[in-house]
Amino acid sequence: MKVLILSLSFLPFFAHAHCPHEIGVDNQIYCVAVEWLEGERKINGQFESTTFPSPHLITEAEKTIPQKWIYSKADITLWKKGDSNHEPQSIKNFRVFHYMFMASGMHHDGGTYDFSQDPESGVYRIQSLAFQKMRGCWSLRWTTAAEDNVDTSAPLMLISRFSNLSHEENAMAESLCGYPQPVESPAPQHEHSHD
Ligand SMILES: [Cu+2]
């Protein structure tokens with residue numbers, strides 16, 4: 001038991017000792033941390049905060065009742081790999097979007113969402129994500145292209161730990177979707193013609 005407590009107390013240290021996720025842009029490797037926040041509800045067309053944690057999977061039972069949907073939200077921080085201060089970085093035209101790889105092969109994006117960057121802190125935020133339960137794997141992808149297209153984006157992370165699913169349900173989804181990513185794809189193309 002003592003060993004267990006010791007190892008648990010070291011978890012936060014190890015969590016920050018490496019990159020949670022890595023992306024490469026113009027010969028620079030960035031670490032990417034995704035911090036899930038409390039989700040939102042849409043009431044009379046307005047998003048309102050809730051205490052339900054993200055990521056939330058909108059289940060079959062909730063699907064037909066939009067008032068019950070919990071929209072997921074996350075903060076996304078980039079820093080240069082090796083920077084122990086984790087100073088937030090900006091990448092021109094950087095964007096993250098949600099994408100589903102379907103068992104049927106009919107892969108698709110996740111519909112409307114909002115992506116922004118806090119001008120003060122430099123931290124990015126993705127929100128208003130409706131993760132509908134389907135026979136497939138939800139993921140986050142990143143791009144610097146204008147469109148949310150699988151061909152001009154690259155995998156950031158698989159979303160496997162939905163807060164409203166049991167450990168067993170999440171484990172089943174993880175085994176179906178695989179780690180670290182369901183599908184590899186080419187890195188986004190970058191334009192060097194301007195600046
Ligand atoms: Cu789907």
# chains A, B, ... in the order shown; residues from 1 in each chain; ligands from 1
$ select_by_dssp --residues "segment 4-192 of chain A" --states "strand (DSSP E)" --output "PyMOL selection string"
chain A and resi 21-25+28-36+38-43+46-53+57-58+72-80+95-102+108-109+114-117+124-129+131-132+136-143+153-158
$ residues_near_ligand --ligand "ligand 1" --cutoff "10 Å" --atoms "only C-alpha atoms and all ligand atoms" --output "list in words"
Tyr99, Met100, Phe101, Met102, Ala103, Ser104, Gly105, Met106, His107, His108, Asp109, Gly110, Phe131, Gln132, Lys133, Met134, Arg135, Gly136, Cys137 and Trp138 of chain A
$ closest_residue --among "A:Thr152, A:Gln127, A:Thr59, A:Thr112" --to "Arg41 of chain A" --atoms "only C-alpha atoms"
A:Gln127
$ closest_residue --among "A:Glu174, A:Asp83, A:Glu62, A:Glu38" --to "Ser139 of chain A" --atoms "only C-alpha atoms"
A:Glu174
$ atom_distance --atom1 "atom CA of Ala74 of chain A" --atom2 "atom CA of Asn44 of chain A"
22.8 Å
$ residues_around --residues "Leu57 of chain A" --least-positions-apart "2" --cutoff "9 Å" --atoms "only C-alpha atoms" --output "VMD selection string"
chain A and resid 54 to 55 59 69 to 72 130 to 133 162 to 165
$ write_last_selection --atoms "C-alpha atoms" --output "mmCIF file, in the first residue's frame"
data_model
loop_
_atom_site.group_PDB
_atom_site.id
_atom_site.type_symbol
_atom_site.label_atom_id
_atom_site.label_comp_id
_atom_site.auth_asym_id
_atom_site.auth_seq_id
_atom_site.Cartn_x
_atom_site.Cartn_y
_atom_site.Cartn_z
ATOM 1 C CA SER A 54 -15.598 16.951 -20.442
ATOM 2 C CA PRO A 55 -15.187 14.977 -22.576
ATOM 3 C CA THR A 59 -25.503 8.788 -25.534
ATOM 4 C CA TRP A 69 -26.575 17.408 -24.491
ATOM 5 C CA ILE A 70 -23.357 18.299 -22.698
ATOM 6 C CA TYR A 71 -21.000 20.105 -25.058
ATOM 7 C CA SER A 72 -17.336 19.431 -24.293
ATOM 8 C CA ALA A 130 -20.934 17.578 -29.486
ATOM 9 C CA PHE A 131 -19.450 14.067 -29.253
ATOM 10 C CA GLN A 132 -22.306 11.891 -30.477
ATOM 11 C CA LYS A 133 -22.175 8.209 -29.641
ATOM 12 C CA PHE A 162 -15.395 9.994 -21.620
ATOM 13 C CA SER A 163 -16.386 11.224 -18.183
ATOM 14 C CA ASN A 164 -19.918 9.823 -18.341
ATOM 15 C CA LEU A 165 -18.853 6.291 -19.365
#
$ atom_distance --atom1 "atom CA of Asp148 of chain A" --atom2 "atom CA of Ser175 of chain A"
26.4 Å
$ residues_around --residues "Lys81 of chain A" --least-positions-apart "2" --cutoff "8 Å" --atoms "only C-alpha atoms" --output "ChimeraX atom specification"
/A:19,29-31,79,83
$ write_last_selection --atoms "C-alpha atoms" --output "PDB file, in the first residue's frame"
ATOM      1  CA  CYS A  19       5.178  15.963 -23.744  1.00  0.00           C
ATOM      2  CA  ILE A  29       8.700  20.237 -32.002  1.00  0.00           C
ATOM      3  CA  TYR A  30       5.932  21.467 -29.717  1.00  0.00           C
ATOM      4  CA  CYS A  31       4.429  19.745 -26.724  1.00  0.00           C
ATOM      5  CA  TRP A  79       5.170  24.893 -25.605  1.00  0.00           C
ATOM      6  CA  ASP A  83      11.121  24.304 -22.308  1.00  0.00           C
TER       7      ASP A  83
END
$ decode --residues "segment 52-182 of chain A" --atoms "C-alpha atoms" --output "PDB file, in the first residue's frame"
ATOM      1  CA  PHE A  52     -20.441  18.055 -15.944  1.00  0.00           C
ATOM      2  CA  PRO A  53     -16.825  17.286 -16.844  1.00  0.00           C
ATOM      3  CA  SER A  54     -15.598  16.951 -20.442  1.00  0.00           C
ATOM      4  CA  PRO A  55     -15.187  14.977 -22.576  1.00  0.00           C
ATOM      5  CA  HIS A  56     -18.843  13.933 -22.492  1.00  0.00           C
ATOM      6  CA  LEU A  57     -20.261  11.370 -24.904  1.00  0.00           C
ATOM      7  CA  ILE A  58     -23.832  12.162 -25.969  1.00  0.00           C
ATOM      8  CA  THR A  59     -25.503   8.788 -25.534  1.00  0.00           C
ATOM      9  CA  GLU A  60     -28.273   7.117 -27.551  1.00  0.00           C
ATOM     10  CA  ALA A  61     -30.797   8.107 -24.869  1.00  0.00           C
ATOM     11  CA  GLU A  62     -29.730  11.769 -24.972  1.00  0.00           C
ATOM     12  CA  LYS A  63     -29.432  12.009 -28.755  1.00  0.00           C
ATOM     13  CA  THR A  64     -33.021  13.056 -29.437  1.00  0.00           C
ATOM     14  CA  ILE A  65     -33.127  15.547 -26.546  1.00  0.00           C
ATOM     15  CA  PRO A  66     -30.730  18.417 -27.433  1.00  0.00           C
ATOM     16  CA  GLN A  67     -31.527  20.149 -24.126  1.00  0.00           C
ATOM     17  CA  LYS A  68     -29.724  17.263 -22.391  1.00  0.00           C
ATOM     18  CA  TRP A  69     -26.575  17.408 -24.491  1.00  0.00           C
ATOM     19  CA  ILE A  70     -23.357  18.299 -22.698  1.00  0.00           C
ATOM     20  CA  TYR A  71     -21.000  20.105 -25.058  1.00  0.00           C
ATOM     21  CA  SER A  72     -17.336  19.431 -24.293  1.00  0.00           C
ATOM     22  CA  LYS A  73     -14.654  22.053 -23.805  1.00  0.00           C
ATOM     23  CA  ALA A  74     -10.849  21.991 -23.401  1.00  0.00           C
ATOM     24  CA  ASP A  75      -7.885  24.300 -23.026  1.00  0.00           C
ATOM     25  CA  ILE A  76      -4.945  23.507 -25.305  1.00  0.00           C
ATOM     26  CA  THR A  77      -1.457  24.748 -24.472  1.00  0.00           C
ATOM     27  CA  LEU A  78       1.586  24.503 -26.734  1.00  0.00           C
ATOM     28  CA  TRP A  79       5.170  24.893 -25.605  1.00  0.00           C
ATOM     29  CA  LYS A  80       8.533  24.254 -27.241  1.00  0.00           C
ATOM     30  CA  LYS A  81       9.770  20.765 -26.439  1.00  0.00           C
ATOM     31  CA  GLY A  82      12.398  21.010 -23.724  1.00  0.00           C
ATOM     32  CA  ASP A  83      11.121  24.304 -22.308  1.00  0.00           C
ATOM     33  CA  SER A  84      10.659  23.488 -18.631  1.00  0.00           C
ATOM     34  CA  ASN A  85       8.682  26.717 -18.122  1.00  0.00           C
ATOM     35  CA  HIS A  86       6.046  25.534 -20.623  1.00  0.00           C
ATOM     36  CA  GLU A  87       5.767  29.071 -21.972  1.00  0.00           C
ATOM     37  CA  PRO A  88       2.638  29.110 -24.200  1.00  0.00           C
ATOM     38  CA  GLN A  89       3.448  29.323 -27.908  1.00  0.00           C
ATOM     39  CA  SER A  90       1.400  30.405 -30.908  1.00  0.00           C
ATOM     40  CA  ILE A  91       1.473  28.767 -34.318  1.00  0.00           C
ATOM     41  CA  LYS A  92       0.115  30.754 -37.247  1.00  0.00           C
ATOM     42  CA  ASN A  93      -3.324  29.455 -38.292  1.00  0.00           C
ATOM     43  CA  PHE A  94      -3.141  26.645 -35.719  1.00  0.00           C
ATOM     44  CA  ARG A  95      -6.469  24.988 -35.101  1.00  0.00           C
ATOM     45  CA  VAL A  96      -7.763  21.810 -33.505  1.00  0.00           C
ATOM     46  CA  PHE A  97     -10.976  20.094 -34.557  1.00  0.00           C
ATOM     47  CA  HIS A  98     -12.827  16.927 -33.655  1.00  0.00           C
ATOM     48  CA  TYR A  99     -13.079  14.062 -36.092  1.00  0.00           C
ATOM     49  CA  MET A 100     -14.594  10.583 -36.082  1.00  0.00           C
ATOM     50  CA  PHE A 101     -13.221   7.474 -37.725  1.00  0.00           C
ATOM     51  CA  MET A 102     -16.297   5.283 -38.296  1.00  0.00           C
ATOM     52  CA  ALA A 103     -16.310   1.515 -38.313  1.00  0.00           C
ATOM     53  CA  SER A 104     -18.256   1.790 -41.594  1.00  0.00           C
ATOM     54  CA  GLY A 105     -15.465   3.809 -43.221  1.00  0.00           C
ATOM     55  CA  MET A 106     -17.716   6.877 -43.482  1.00  0.00           C
ATOM     56  CA  HIS A 107     -15.359   9.097 -41.478  1.00  0.00           C
ATOM     57  CA  HIS A 108     -16.562  12.616 -40.750  1.00  0.00           C
ATOM     58  CA  ASP A 109     -15.812  15.799 -38.846  1.00  0.00           C
ATOM     59  CA  GLY A 110     -17.688  16.615 -35.684  1.00  0.00           C
ATOM     60  CA  GLY A 111     -19.791  19.525 -36.931  1.00  0.00           C
ATOM     61  CA  THR A 112     -19.746  23.055 -35.577  1.00  0.00           C
ATOM     62  CA  TYR A 113     -17.413  24.039 -32.743  1.00  0.00           C
ATOM     63  CA  ASP A 114     -15.560  27.104 -31.559  1.00  0.00           C
ATOM     64  CA  PHE A 115     -11.782  27.551 -31.514  1.00  0.00           C
ATOM     65  CA  SER A 116     -10.062  30.579 -30.047  1.00  0.00           C
ATOM     66  CA  GLN A 117      -6.881  31.780 -28.352  1.00  0.00           C
ATOM     67  CA  ASP A 118      -6.734  33.847 -25.196  1.00  0.00           C
ATOM     68  CA  PRO A 119      -4.682  36.912 -26.219  1.00  0.00           C
ATOM     69  CA  GLU A 120      -3.410  37.366 -22.646  1.00  0.00           C
ATOM     70  CA  SER A 121      -2.270  33.850 -21.765  1.00  0.00           C
ATOM     71  CA  GLY A 122      -1.725  32.459 -25.282  1.00  0.00           C
ATOM     72  CA  VAL A 123      -3.732  29.368 -24.343  1.00  0.00           C
ATOM     73  CA  TYR A 124      -6.027  27.975 -27.053  1.00  0.00           C
ATOM     74  CA  ARG A 125      -9.570  26.804 -26.333  1.00  0.00           C
ATOM     75  CA  ILE A 126     -11.838  24.408 -28.186  1.00  0.00           C
ATOM     76  CA  GLN A 127     -15.487  24.303 -27.149  1.00  0.00           C
ATOM     77  CA  SER A 128     -19.075  23.543 -28.146  1.00  0.00           C
ATOM     78  CA  LEU A 129     -18.019  20.007 -29.104  1.00  0.00           C
ATOM     79  CA  ALA A 130     -20.934  17.578 -29.486  1.00  0.00           C
ATOM     80  CA  PHE A 131     -19.450  14.067 -29.253  1.00  0.00           C
ATOM     81  CA  GLN A 132     -22.306  11.891 -30.477  1.00  0.00           C
ATOM     82  CA  LYS A 133     -22.175   8.209 -29.641  1.00  0.00           C
ATOM     83  CA  MET A 134     -21.663   6.264 -32.848  1.00  0.00           C
ATOM     84  CA  ARG A 135     -19.879   3.124 -34.047  1.00  0.00           C
ATOM     85  CA  GLY A 136     -16.547   4.849 -34.349  1.00  0.00           C
ATOM     86  CA  CYS A 137     -13.666   6.618 -32.639  1.00  0.00           C
ATOM     87  CA  TRP A 138     -13.620  10.286 -31.721  1.00  0.00           C
ATOM     88  CA  SER A 139     -10.299  12.063 -32.041  1.00  0.00           C
ATOM     89  CA  LEU A 140      -8.797  15.541 -32.038  1.00  0.00           C
ATOM     90  CA  ARG A 141      -6.764  16.561 -35.083  1.00  0.00           C
ATOM     91  CA  TRP A 142      -4.695  19.671 -35.694  1.00  0.00           C
ATOM     92  CA  THR A 143      -4.133  21.716 -38.818  1.00  0.00           C
ATOM     93  CA  THR A 144      -2.936  25.049 -40.146  1.00  0.00           C
ATOM     94  CA  ALA A 145      -5.068  24.731 -43.288  1.00  0.00           C
ATOM     95  CA  ALA A 146      -8.293  26.647 -43.921  1.00  0.00           C
ATOM     96  CA  GLU A 147     -10.495  23.546 -43.974  1.00  0.00           C
ATOM     97  CA  ASP A 148     -11.114  20.805 -41.425  1.00  0.00           C
ATOM     98  CA  ASN A 149      -9.963  18.082 -43.765  1.00  0.00           C
ATOM     99  CA  VAL A 150      -8.387  14.763 -42.875  1.00  0.00           C
ATOM    100  CA  ASP A 151      -5.838  15.113 -45.696  1.00  0.00           C
ATOM    101  CA  THR A 152      -4.479  18.465 -44.478  1.00  0.00           C
ATOM    102  CA  SER A 153      -4.451  17.661 -40.772  1.00  0.00           C
ATOM    103  CA  ALA A 154      -2.655  15.285 -38.426  1.00  0.00           C
ATOM    104  CA  PRO A 155      -3.720  13.332 -35.354  1.00  0.00           C
ATOM    105  CA  LEU A 156      -3.379  15.050 -31.987  1.00  0.00           C
ATOM    106  CA  MET A 157      -5.091  12.538 -29.705  1.00  0.00           C
ATOM    107  CA  LEU A 158      -7.699   9.855 -29.492  1.00  0.00           C
ATOM    108  CA  ILE A 159     -10.586  10.694 -27.169  1.00  0.00           C
ATOM    109  CA  SER A 160     -11.148   7.615 -25.100  1.00  0.00           C
ATOM    110  CA  ARG A 161     -11.867   8.639 -21.508  1.00  0.00           C
ATOM    111  CA  PHE A 162     -15.395   9.994 -21.620  1.00  0.00           C
ATOM    112  CA  SER A 163     -16.386  11.224 -18.183  1.00  0.00           C
ATOM    113  CA  ASN A 164     -19.918   9.823 -18.341  1.00  0.00           C
ATOM    114  CA  LEU A 165     -18.853   6.291 -19.365  1.00  0.00           C
ATOM    115  CA  SER A 166     -17.790   3.545 -16.984  1.00  0.00           C
ATOM    116  CA  HIS A 167     -14.209   2.343 -16.841  1.00  0.00           C
ATOM    117  CA  GLU A 168     -15.311  -0.821 -18.696  1.00  0.00           C
ATOM    118  CA  GLU A 169     -17.093   1.128 -21.433  1.00  0.00           C
ATOM    119  CA  ASN A 170     -14.066   3.363 -21.948  1.00  0.00           C
ATOM    120  CA  ALA A 171     -11.722   0.365 -21.931  1.00  0.00           C
ATOM    121  CA  MET A 172     -13.861  -1.298 -24.599  1.00  0.00           C
ATOM    122  CA  ALA A 173     -13.745   1.821 -26.769  1.00  0.00           C
ATOM    123  CA  GLU A 174      -9.978   2.052 -26.298  1.00  0.00           C
ATOM    124  CA  SER A 175      -9.460  -1.524 -27.419  1.00  0.00           C
ATOM    125  CA  LEU A 176     -11.655  -0.934 -30.493  1.00  0.00           C
ATOM    126  CA  CYS A 177      -9.984   2.323 -31.440  1.00  0.00           C
ATOM    127  CA  GLY A 178      -6.417   1.364 -30.631  1.00  0.00           C
ATOM    128  CA  TYR A 179      -3.539   3.424 -29.338  1.00  0.00           C
ATOM    129  CA  PRO A 180      -2.060   5.897 -29.877  1.00  0.00           C
ATOM    130  CA  GLN A 181      -4.121   6.751 -32.974  1.00  0.00           C
ATOM    131  CA  PRO A 182      -6.629   4.863 -35.085  1.00  0.00           C
TER     132      PRO A 182
END
